[in-house]
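One file, structure_18.tsv, is given below (TSV, C-alpha atoms).
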chain	number	residue	atom	x	y	z
B	1448	MET	CA	-39.69	133.66	190.29
B	1449	ARG	CA	-40.59	135.83	193.26
B	1450	PHE	CA	-42.85	138.87	193.51
B	1451	THR	CA	-43.43	141.50	196.15
B	1452	THR	CA	-45.95	143.71	194.34
B	1453	LEU	CA	-48.96	143.22	192.09
B	1454	ALA	CA	-46.99	144.81	189.26
B	1455	GLU	CA	-44.27	142.17	189.61
B	1456	PHE	CA	-46.92	139.45	189.69
B	1457	ALA	CA	-48.38	140.86	186.46
B	1458	GLN	CA	-44.93	140.67	184.86
B	1459	ILE	CA	-44.73	136.99	185.80
B	1460	LEU	CA	-48.11	136.39	184.15
B	1461	ALA	CA	-46.93	138.11	180.97
B	1462	ALA	CA	-43.72	136.04	180.85
B	1463	ALA	CA	-45.35	132.67	181.57
B	1464	PRO	CA	-44.75	129.71	179.23
B	1465	THR	CA	-47.10	129.11	176.33
B	1466	VAL	CA	-48.51	125.98	174.76
B	1467	ASN	CA	-46.00	123.77	172.93
B	1468	GLU	CA	-47.40	123.61	169.40
B	1469	THR	CA	-44.71	121.18	168.22
B	1470	VAL	CA	-45.74	118.64	170.86
B	1471	LYS	CA	-49.41	119.26	170.11
B	1472	THR	CA	-48.79	118.48	166.43
B	1473	ALA	CA	-46.91	115.29	167.35
B	1474	ALA	CA	-49.72	114.27	169.71
B	1475	GLY	CA	-52.23	114.90	166.93
B	1476	ALA	CA	-50.26	112.68	164.54
B	1477	HIS	CA	-50.22	109.92	167.15
B	1478	ASN	CA	-53.94	110.32	167.76
B	1479	ALA	CA	-54.61	109.87	164.06
B	1480	GLN	CA	-53.04	106.39	164.19
B	1481	LEU	CA	-55.05	105.03	167.12
B	1482	THR	CA	-57.47	102.13	166.65
B	1483	LYS	CA	-60.68	104.12	166.43
B	1484	PRO	CA	-62.57	106.07	163.79
B	1485	ALA	CA	-61.23	109.61	163.46
B	1486	GLY	CA	-62.82	111.89	166.04
B	1487	SER	CA	-64.84	109.11	167.64
B	1488	LEU	CA	-63.73	110.00	171.17
B	1489	GLY	CA	-65.04	113.50	170.67
B	1490	ARG	CA	-63.87	116.08	173.17
B	1491	LEU	CA	-61.63	113.53	174.91
B	1492	GLU	CA	-59.31	113.78	171.92
B	1493	GLU	CA	-59.12	117.57	172.22
B	1494	LEU	CA	-58.43	117.30	175.94
B	1495	ALA	CA	-55.62	114.79	175.40
B	1496	LEU	CA	-53.89	116.99	172.84
B	1497	TRP	CA	-54.28	120.05	175.07
B	1498	TYR	CA	-52.85	118.16	178.04
B	1499	ALA	CA	-49.94	116.77	176.00
B	1500	ALA	CA	-49.01	120.19	174.69
B	1501	TRP	CA	-48.80	121.66	178.18
B	1502	ARG	CA	-46.81	118.73	179.58
B	1503	ASN	CA	-44.30	118.74	176.68
B	1504	ASP	CA	-45.01	115.07	176.08
B	1505	ALA	CA	-46.83	113.68	173.04
B	1506	ARG	CA	-47.85	110.57	175.02
B	1507	PRO	CA	-48.28	111.82	178.61
B	1508	GLN	CA	-49.60	110.15	181.74
B	1509	ILE	CA	-51.42	111.58	184.75
B	1510	THR	CA	-49.86	110.13	187.88
B	1511	ALA	CA	-49.82	112.93	190.47
B	1512	PRO	CA	-52.98	115.09	190.59
B	1513	GLN	CA	-53.17	117.59	193.43
B	1514	VAL	CA	-56.17	119.24	195.10
B	1515	ILE	CA	-55.55	122.35	197.20
B	1516	ILE	CA	-58.24	124.02	199.31
B	1517	PHE	CA	-57.84	127.59	200.55
B	1518	ALA	CA	-59.96	129.12	203.29
B	1519	GLY	CA	-60.54	132.75	204.19
B	1520	ASN	CA	-63.04	134.96	206.00
B	1521	HIS	CA	-64.78	138.04	204.62
B	1522	GLY	CA	-65.67	141.29	206.33
B	1523	VAL	CA	-68.86	141.69	204.30
B	1524	THR	CA	-70.44	138.71	206.07
B	1525	ALA	CA	-71.40	141.18	208.80
B	1526	LYS	CA	-73.83	142.70	206.28
B	1527	GLY	CA	-75.99	139.56	206.30
B	1528	VAL	CA	-75.01	138.21	202.88
B	1529	SER	CA	-74.76	134.52	203.87
B	1530	ALA	CA	-77.06	131.90	205.29
B	1531	PHE	CA	-74.23	130.71	207.57
B	1532	PRO	CA	-72.13	132.54	210.19
B	1533	ALA	CA	-68.42	133.21	209.61
B	1534	GLU	CA	-67.50	130.64	212.28
B	1535	VAL	CA	-68.40	127.89	209.82
B	1536	THR	CA	-65.24	128.58	207.80
B	1537	ALA	CA	-62.95	127.42	210.61
B	1538	GLN	CA	-65.28	124.55	211.47
B	1539	MET	CA	-65.16	123.30	207.88
B	1540	VAL	CA	-61.38	123.62	207.78
B	1541	ALA	CA	-61.27	121.27	210.77
B	1542	ASN	CA	-63.59	118.93	208.90
B	1543	PHE	CA	-61.27	118.96	205.86
B	1544	GLU	CA	-58.32	118.21	208.09
B	1545	ARG	CA	-60.19	115.26	209.63
B	1546	GLY	CA	-61.07	113.92	206.18
B	1547	GLY	CA	-64.80	114.38	206.65
B	1548	ALA	CA	-65.82	116.68	203.79
B	1549	ALA	CA	-67.05	115.88	200.31
B	1550	ILE	CA	-63.78	117.05	198.75
B	1551	ASN	CA	-61.84	114.58	200.87
B	1552	GLN	CA	-63.89	111.72	199.44
B	1553	LEU	CA	-63.71	113.02	195.88
B	1554	SER	CA	-59.96	113.62	196.04
B	1555	GLN	CA	-59.40	110.10	197.33
B	1556	ALA	CA	-61.66	108.63	194.65
B	1557	ALA	CA	-59.72	110.52	191.97
B	1558	GLY	CA	-56.35	109.42	193.32
B	1559	ALA	CA	-55.35	112.99	194.15
B	1560	SER	CA	-53.33	114.31	197.05
B	1561	MET	CA	-55.14	116.99	199.04
B	1562	SER	CA	-54.04	119.82	201.31
B	1563	VAL	CA	-55.82	122.66	203.11
B	1564	HIS	CA	-54.48	126.16	203.72
B	1565	ALA	CA	-56.34	128.47	206.10
B	1566	LEU	CA	-55.42	132.12	205.61
B	1567	ASP	CA	-55.75	134.31	208.73
B	1568	LEU	CA	-59.27	133.14	209.61
B	1569	ASP	CA	-59.17	135.22	212.77
B	1570	ARG	CA	-58.56	138.33	210.68
B	1571	PRO	CA	-61.34	138.72	208.08
B	1572	THR	CA	-60.85	140.98	205.09
B	1573	LYS	CA	-62.24	144.49	205.36
B	1574	ASP	CA	-65.83	145.37	204.44
B	1575	PHE	CA	-65.42	146.36	200.79
B	1576	THR	CA	-68.48	148.60	200.87
B	1577	LYS	CA	-66.32	150.97	202.95
B	1578	GLU	CA	-62.69	150.22	202.06
B	1579	ALA	CA	-60.59	147.79	200.06
B	1580	ALA	CA	-60.94	144.21	201.29
B	1581	MET	CA	-57.16	143.75	201.22
B	1582	SER	CA	-54.18	146.04	200.96
B	1583	GLU	CA	-51.72	145.28	198.17
B	1584	THR	CA	-49.40	143.72	200.74
B	1585	GLU	CA	-52.16	141.45	202.05
B	1586	CYS	CA	-53.19	140.42	198.53
B	1587	VAL	CA	-49.60	139.66	197.55
B	1588	ALA	CA	-49.20	137.54	200.69
B	1589	ALA	CA	-52.28	135.52	199.74
B	1590	LEU	CA	-51.07	135.13	196.16
B	1591	LYS	CA	-47.77	133.83	197.54
B	1592	THR	CA	-49.58	131.30	199.74
B	1593	GLY	CA	-51.23	129.91	196.64
B	1594	TRP	CA	-48.03	130.06	194.59
B	1595	ASP	CA	-46.02	128.18	197.21
B	1596	SER	CA	-48.68	125.50	197.76
B	1597	VAL	CA	-48.27	123.90	194.33
B	1598	ASN	CA	-46.08	120.80	194.32
B	1599	ALA	CA	-43.64	120.96	191.40
B	1600	GLN	CA	-44.17	117.21	190.83
B	1601	THR	CA	-47.92	117.68	190.32
B	1602	ASP	CA	-49.18	116.92	186.82
B	1603	LEU	CA	-52.80	118.08	187.21
B	1604	LEU	CA	-54.09	120.73	189.62
B	1605	VAL	CA	-57.47	121.47	191.19
B	1606	VAL	CA	-57.94	124.45	193.50
B	1607	GLY	CA	-60.97	124.95	195.70
B	1608	GLU	CA	-62.13	127.20	198.50
B	1609	MET	CA	-63.99	127.59	201.74
B	1610	GLY	CA	-65.09	130.99	202.98
B	1611	ILE	CA	-68.44	132.15	204.26
B	1612	GLY	CA	-69.43	135.18	202.18
B	1613	ASN	CA	-67.17	134.42	199.26
B	1614	THR	CA	-69.89	134.22	196.61
B	1615	THR	CA	-70.53	137.90	197.40
B	1616	SER	CA	-66.88	138.68	196.83
B	1617	ALA	CA	-66.81	136.64	193.62
B	1618	ALA	CA	-69.94	138.38	192.34
B	1619	ALA	CA	-68.39	141.78	192.99
B	1620	ILE	CA	-65.19	140.78	191.18
B	1621	CYS	CA	-67.14	139.57	188.14
B	1622	ASN	CA	-69.39	142.63	188.07
B	1623	ALA	CA	-66.31	144.85	188.18
B	1624	LEU	CA	-64.45	142.88	185.50
B	1625	PHE	CA	-67.28	142.26	183.04
B	1626	GLY	CA	-69.89	144.95	183.66
B	1627	GLY	CA	-73.64	144.58	183.82
B	1628	SER	CA	-75.61	144.94	187.02
B	1629	ALA	CA	-75.05	143.49	190.47
B	1630	ALA	CA	-78.15	141.34	189.95
B	1631	ASP	CA	-76.55	139.78	186.85
B	1632	TRP	CA	-73.73	138.33	188.93
B	1633	THR	CA	-75.22	137.79	192.40
B	1634	GLY	CA	-76.82	134.44	193.26
B	1635	ARG	CA	-78.05	132.74	196.39
B	1636	GLY	CA	-74.74	131.09	197.30
B	1637	THR	CA	-75.39	128.71	200.17
B	1638	GLY	CA	-79.12	129.40	199.95
B	1639	VAL	CA	-80.01	132.90	201.16
B	1640	ASP	CA	-83.65	134.00	201.16
B	1641	ASP	CA	-85.06	136.82	199.03
B	1642	ALA	CA	-84.37	139.52	201.60
B	1643	SER	CA	-80.76	138.45	202.04
B	1644	LEU	CA	-80.32	138.19	198.27
B	1645	GLN	CA	-81.35	141.83	197.95
B	1646	ILE	CA	-78.86	142.78	200.66
B	1647	LYS	CA	-76.20	140.79	198.83
B	1648	GLN	CA	-76.92	142.56	195.54
B	1649	ASN	CA	-76.74	145.94	197.26
B	1650	VAL	CA	-73.42	145.03	198.85
B	1651	VAL	CA	-72.00	143.99	195.48
B	1652	ALA	CA	-73.22	147.20	193.85
B	1653	GLN	CA	-71.66	149.33	196.60
B	1654	GLY	CA	-68.32	147.57	196.26
B	1655	VAL	CA	-68.29	147.92	192.48
B	1656	ASP	CA	-69.21	151.60	192.73
B	1657	LEU	CA	-66.11	152.12	194.88
B	1658	PHE	CA	-63.59	149.88	193.14
B	1659	GLY	CA	-64.97	148.75	189.78
B	1660	ALA	CA	-62.72	151.03	187.73
B	1661	LEU	CA	-59.48	149.56	189.07
B	1662	PRO	CA	-57.18	147.26	187.02
B	1663	PRO	CA	-57.94	143.52	187.39
B	1664	LEU	CA	-55.33	142.60	189.99
B	1665	GLN	CA	-56.26	145.61	192.09
B	1666	ILE	CA	-59.91	144.53	191.80
B	1667	LEU	CA	-58.80	141.17	193.22
B	1668	ALA	CA	-57.32	142.99	196.22
B	1669	ALA	CA	-60.17	145.46	196.70
B	1670	LEU	CA	-63.13	143.09	196.26
B	1671	GLY	CA	-61.63	139.64	196.75
B	1672	GLY	CA	-60.70	137.46	199.68
B	1673	ARG	CA	-57.51	135.82	200.80
B	1674	GLU	CA	-58.67	132.40	199.60
B	1675	ILE	CA	-59.65	133.85	196.22
B	1676	ALA	CA	-56.24	135.48	195.80
B	1677	ALA	CA	-54.55	132.26	196.90
B	1678	MET	CA	-56.41	130.33	194.19
B	1679	ALA	CA	-55.21	132.87	191.63
B	1680	GLY	CA	-51.64	132.46	192.87
B	1681	ALA	CA	-51.83	128.68	192.61
B	1682	ILE	CA	-53.29	128.80	189.10
B	1683	ALA	CA	-50.50	131.16	188.01
B	1684	ARG	CA	-47.84	128.95	189.59
B	1685	ALA	CA	-49.22	125.93	187.77
B	1686	ARG	CA	-48.83	127.82	184.49
B	1687	SER	CA	-45.18	128.54	185.28
B	1688	LEU	CA	-44.63	124.81	185.87
B	1689	ARG	CA	-46.66	123.74	182.81
B	1690	ILE	CA	-49.21	121.99	185.03
B	1691	PRO	CA	-52.73	121.85	183.54
B	1692	VAL	CA	-55.52	123.07	185.83
B	1693	ILE	CA	-59.15	122.02	186.16
B	1694	LEU	CA	-61.19	125.02	187.27
B	1695	ASP	CA	-63.95	124.57	189.81
B	1696	GLY	CA	-67.09	126.66	190.23
B	1697	PHE	CA	-68.05	130.32	190.35
B	1698	ILE	CA	-65.61	131.44	193.03
B	1699	CYS	CA	-62.62	129.63	191.55
B	1700	CYS	CA	-63.46	131.00	188.11
B	1701	ALA	CA	-63.76	134.53	189.55
B	1702	ALA	CA	-60.20	134.16	190.84
B	1703	ALA	CA	-59.11	132.86	187.44
B	1704	ALA	CA	-60.89	135.73	185.68
B	1705	CYS	CA	-58.64	138.24	187.42
B	1706	LEU	CA	-55.64	136.53	185.82
B	1707	GLU	CA	-57.22	136.40	182.37
B	1708	GLN	CA	-58.28	140.03	182.48
B	1709	ALA	CA	-54.81	141.05	183.67
B	1710	CYS	CA	-53.08	139.05	180.91
B	1711	ALA	CA	-54.99	137.63	177.95
B	1712	GLY	CA	-54.31	133.90	177.57
B	1713	ALA	CA	-53.39	133.43	181.24
B	1714	LEU	CA	-55.90	130.56	181.44
B	1715	ASP	CA	-54.80	128.66	178.34
B	1716	HIS	CA	-53.56	125.88	180.64
B	1717	CYS	CA	-57.01	125.59	182.27
B	1718	VAL	CA	-60.21	123.73	181.53
B	1719	ALA	CA	-63.55	124.20	183.31
B	1720	GLY	CA	-64.44	121.12	185.32
B	1721	HIS	CA	-68.13	121.89	185.59
B	1722	VAL	CA	-70.84	124.51	185.46
B	1723	SER	CA	-72.37	125.04	188.88
B	1724	ALA	CA	-75.89	125.91	189.97
B	1725	GLU	CA	-74.73	129.37	191.06
B	1726	THR	CA	-76.72	131.75	188.86
B	1727	ALA	CA	-73.86	133.62	187.22
B	1728	HIS	CA	-71.45	130.75	186.63
B	1729	PRO	CA	-72.63	130.04	183.05
B	1730	ARG	CA	-72.25	133.76	182.27
B	1731	LEU	CA	-68.74	133.75	183.72
B	1732	LEU	CA	-67.68	130.64	181.80
B	1733	ALA	CA	-68.94	132.24	178.58
B	1734	ALA	CA	-66.92	135.39	179.36
B	1735	LEU	CA	-63.83	133.24	179.85
B	1736	GLY	CA	-64.46	131.18	176.71
B	1737	GLN	CA	-64.61	127.98	178.76
B	1738	GLU	CA	-66.83	124.98	178.00
B	1739	PRO	CA	-67.48	122.90	181.14
B	1740	LEU	CA	-66.88	119.16	181.23
B	1741	LEU	CA	-69.78	118.44	183.62
B	1742	ASP	CA	-73.19	119.86	184.50
B	1743	LEU	CA	-74.43	118.26	187.71
B	1744	SER	CA	-76.15	121.23	189.42
B	1745	LEU	CA	-73.45	121.34	192.08
B	1746	ARG	CA	-73.12	124.39	194.34
B	1747	LEU	CA	-70.86	123.12	197.11
B	1748	GLY	CA	-67.53	124.65	196.22
B	1749	GLU	CA	-64.49	123.02	197.86
B	1750	GLY	CA	-63.14	122.09	194.43
B	1751	SER	CA	-65.77	119.35	194.28
B	1752	GLY	CA	-66.85	119.72	190.65
B	1753	ALA	CA	-63.27	120.00	189.42
B	1754	ALA	CA	-62.25	116.92	191.41
B	1755	LEU	CA	-65.09	114.98	189.80
B	1756	ALA	CA	-63.65	115.93	186.41
B	1757	ILE	CA	-60.19	114.50	187.15
B	1758	PRO	CA	-61.21	110.99	185.96
B	1759	ILE	CA	-62.53	112.47	182.72
B	1760	LEU	CA	-59.15	114.00	181.96
B	1761	ARG	CA	-57.44	110.78	183.07
B	1762	GLY	CA	-59.66	108.87	180.65
B	1763	ALA	CA	-58.74	111.20	177.81
B	1764	VAL	CA	-55.04	110.84	178.50
B	1765	VAL	CA	-54.93	107.05	178.98
B	1766	CYS	CA	-56.87	106.47	175.77
B	1767	HIS	CA	-54.51	108.76	173.90
B	1768	SER	CA	-51.30	107.42	175.36
B	1769	ASN	CA	-52.09	103.73	175.93
B	1770	MET	CA	-54.30	102.67	173.02
B	1771	ALA	CA	-52.67	100.64	170.26
B	1772	THR	CA	-52.09	102.17	166.87
B	1773	PHE	CA	-53.47	100.47	163.76
B	1774	ALA	CA	-49.97	99.19	162.96
B	1775	GLU	CA	-49.37	97.87	166.48
B	1776	ALA	CA	-52.74	96.08	166.57
B	1777	GLY	CA	-52.55	94.75	163.03
B	1778	VAL	CA	-55.87	96.42	162.22
B	1779	SER	CA	-56.55	97.69	158.73
B	1780	GLN	CA	-56.93	101.46	158.53
B	1781	GLY	CA	-59.79	102.75	156.43

Final structure tokens representation of the file:
Amino acid sequence: MRFTTLAEFAQILAAAPTVNETVKTAAGAHNAQLTKPAGSLGRLEELALWYAAWRNDARPQITAPQVIIFAGNHGVTAKGVSAFPAEVTAQMVANFERGGAAINQLSQAAGASMSVHALDLDRPTKDFTKEAAMSETECVAALKTGWDSVNAQTDLLVVGEMGIGNTTSAAAICNALFGGSAADWTGRGTGVDDASLQIKQNVVAQGVDLFGALPPLQILAALGGREIAAMAGAIARARSLRIPVILDGFICCAAAACLEQACAGALDHCVAGHVSAETAHPRLLAALGQEPLLDLSLRLGEGSGAALAIPILRGAVVCHSNMATFAEAGVSQG
């Protein structure tokens, strides 16, 4: 499945596989025979059935989780929307590559492979208060980077990001997709002061005034960043391969929202790993109908919250697939 335009990408979203209800029913029947009171593992049981239905296996295993980090630079950083300079993006990419960042440690702890993809860091997106951040060609290229980064042997995917200024871009995307005011969607990101927060809100409002009426995938191009588009491409590729995805924080979910708004149900293979401390993330999760697995007041990005949730999903799956049934254990069933 290849695409050269946003319209072709939208067609791929519309034709993507759906949940296997037959496998989900079989997994539910198996779950009912496990040596535990019905429903006693709570949401873990729901997660196991969801995972099984996407993997086409009533008793699945998670053996090859993958974490992918995308990095991009944003033209709007010149407006003073971030507490850090744009140079930090490249510096953090080098830190990822050396294994020195939080996501490196969390990926290793979760038993996940990890890769980093820097997208034209020396060529920031355009300032979306004046013109579209990316052309269609540039957005498609970023989507392809994400699409091609997913290993077909992966059985659980986390995507994360690094990009100074990208909470501004994510806020503009969400404001355009879901309405409300710029203030509703714009938070402090890496910790801007009150004056910079006001600048950030103004920048978001200007971008939405220019591009807010566009269709969702064009909003991604006009207000997004290369790393945000790459995350969307990876999430879509995972769907085509029936790989479940754990969503990270506000920026990742903004990327995912473009897919969902372009094609209802595009995130059925996704679960929210956590709710972050970024102001608008709870609002965004509610708009997407996602209930987070964790609430730890994280605001780092990098896929960190989603990586922390990998062991939760592993726990759900191993209990479902490896526990004895009442008959196997010789335990009387009430």

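Using only C-alpha atoms, the smallest distance between any of B:Met1561, B:Ala1677, B:Leu1657, B:Ala1685 and Asp1574 of chain B comes from B:Leu1657.
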
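Minimum atom-to-atom distance to Ala1548 of chain B, evaluated using all atoms listed in the file, belongs to B:Met1609 out of B:Met1609, B:Ala1619, B:Ala1599, B:Leu1706.
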
*Got a sec: who's within 12 Å of Ala1556 of chain B, counting all atoms listed in the file, leaving out chain neighbours fewer than 5 positions off, as an NGL selection string?*
:B and (1512 or 1514 or 1549-1551 or 1561 or 1751 or 1754-1758)

Residue neighbourhood segment 1723-1730 of chain B, 7 Å, all atoms listed in the file, exclusion window fewer than 2 positions, as a short mmCIF file (atom, residue, chain, number, x, y, z; two decimals) with C-alpha atoms, in the frame of the given file:
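Written out: out-v2.cif:
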data_model
loop_
_atom_site.label_atom_id
_atom_site.label_comp_id
_atom_site.auth_asym_id
_atom_site.auth_seq_id
_atom_site.Cartn_x
_atom_site.Cartn_y
_atom_site.Cartn_z
CA ASP B 1631 -76.55 139.78 186.85
CA TRP B 1632 -73.73 138.33 188.93
CA THR B 1633 -75.22 137.79 192.40
CA GLY B 1634 -76.82 134.44 193.26
CA GLY B 1636 -74.74 131.09 197.30
CA GLY B 1696 -67.09 126.66 190.23
CA PHE B 1697 -68.05 130.32 190.35
CA HIS B 1721 -68.13 121.89 185.59
CA LEU B 1732 -67.68 130.64 181.80
CA ALA B 1733 -68.94 132.24 178.58
CA ALA B 1734 -66.92 135.39 179.36
CA ASP B 1742 -73.19 119.86 184.50
CA SER B 1744 -76.15 121.23 189.42
CA LEU B 1745 -73.45 121.34 192.08
CA ARG B 1746 -73.12 124.39 194.34
#

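Checking B:Ala1505, B:Val1540, B:Ala1457, B:Leu1661 one by one against Asn1478 of chain B, counting all atoms listed in the file, you find the shortest gap at B:Ala1505.
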
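Computed from the coordinates, the atom CA of Met1448 of chain B to atom CA of Arg1684 of chain B distance equals 9.4 Å.
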
*Please provide the set of residues having any atom within 9 Å of segment 1643-1645 of chain B, restricted to only C-alpha atoms, with same-chain residues fewer than 3 positions apart removed, written as an NGL selection string.*
:B and (1527-1530 or 1630 or 1633-1635 or 1639-1640 or 1648-1650)

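Note that the spacing between atom CA of Val1655 of chain B and atom CA of Ala1702 of chain B amounts to 16.0 Å.
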
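Note that atom CA of Phe1456 of chain B and atom CA of Gly1654 of chain B are 23.8 Å apart.
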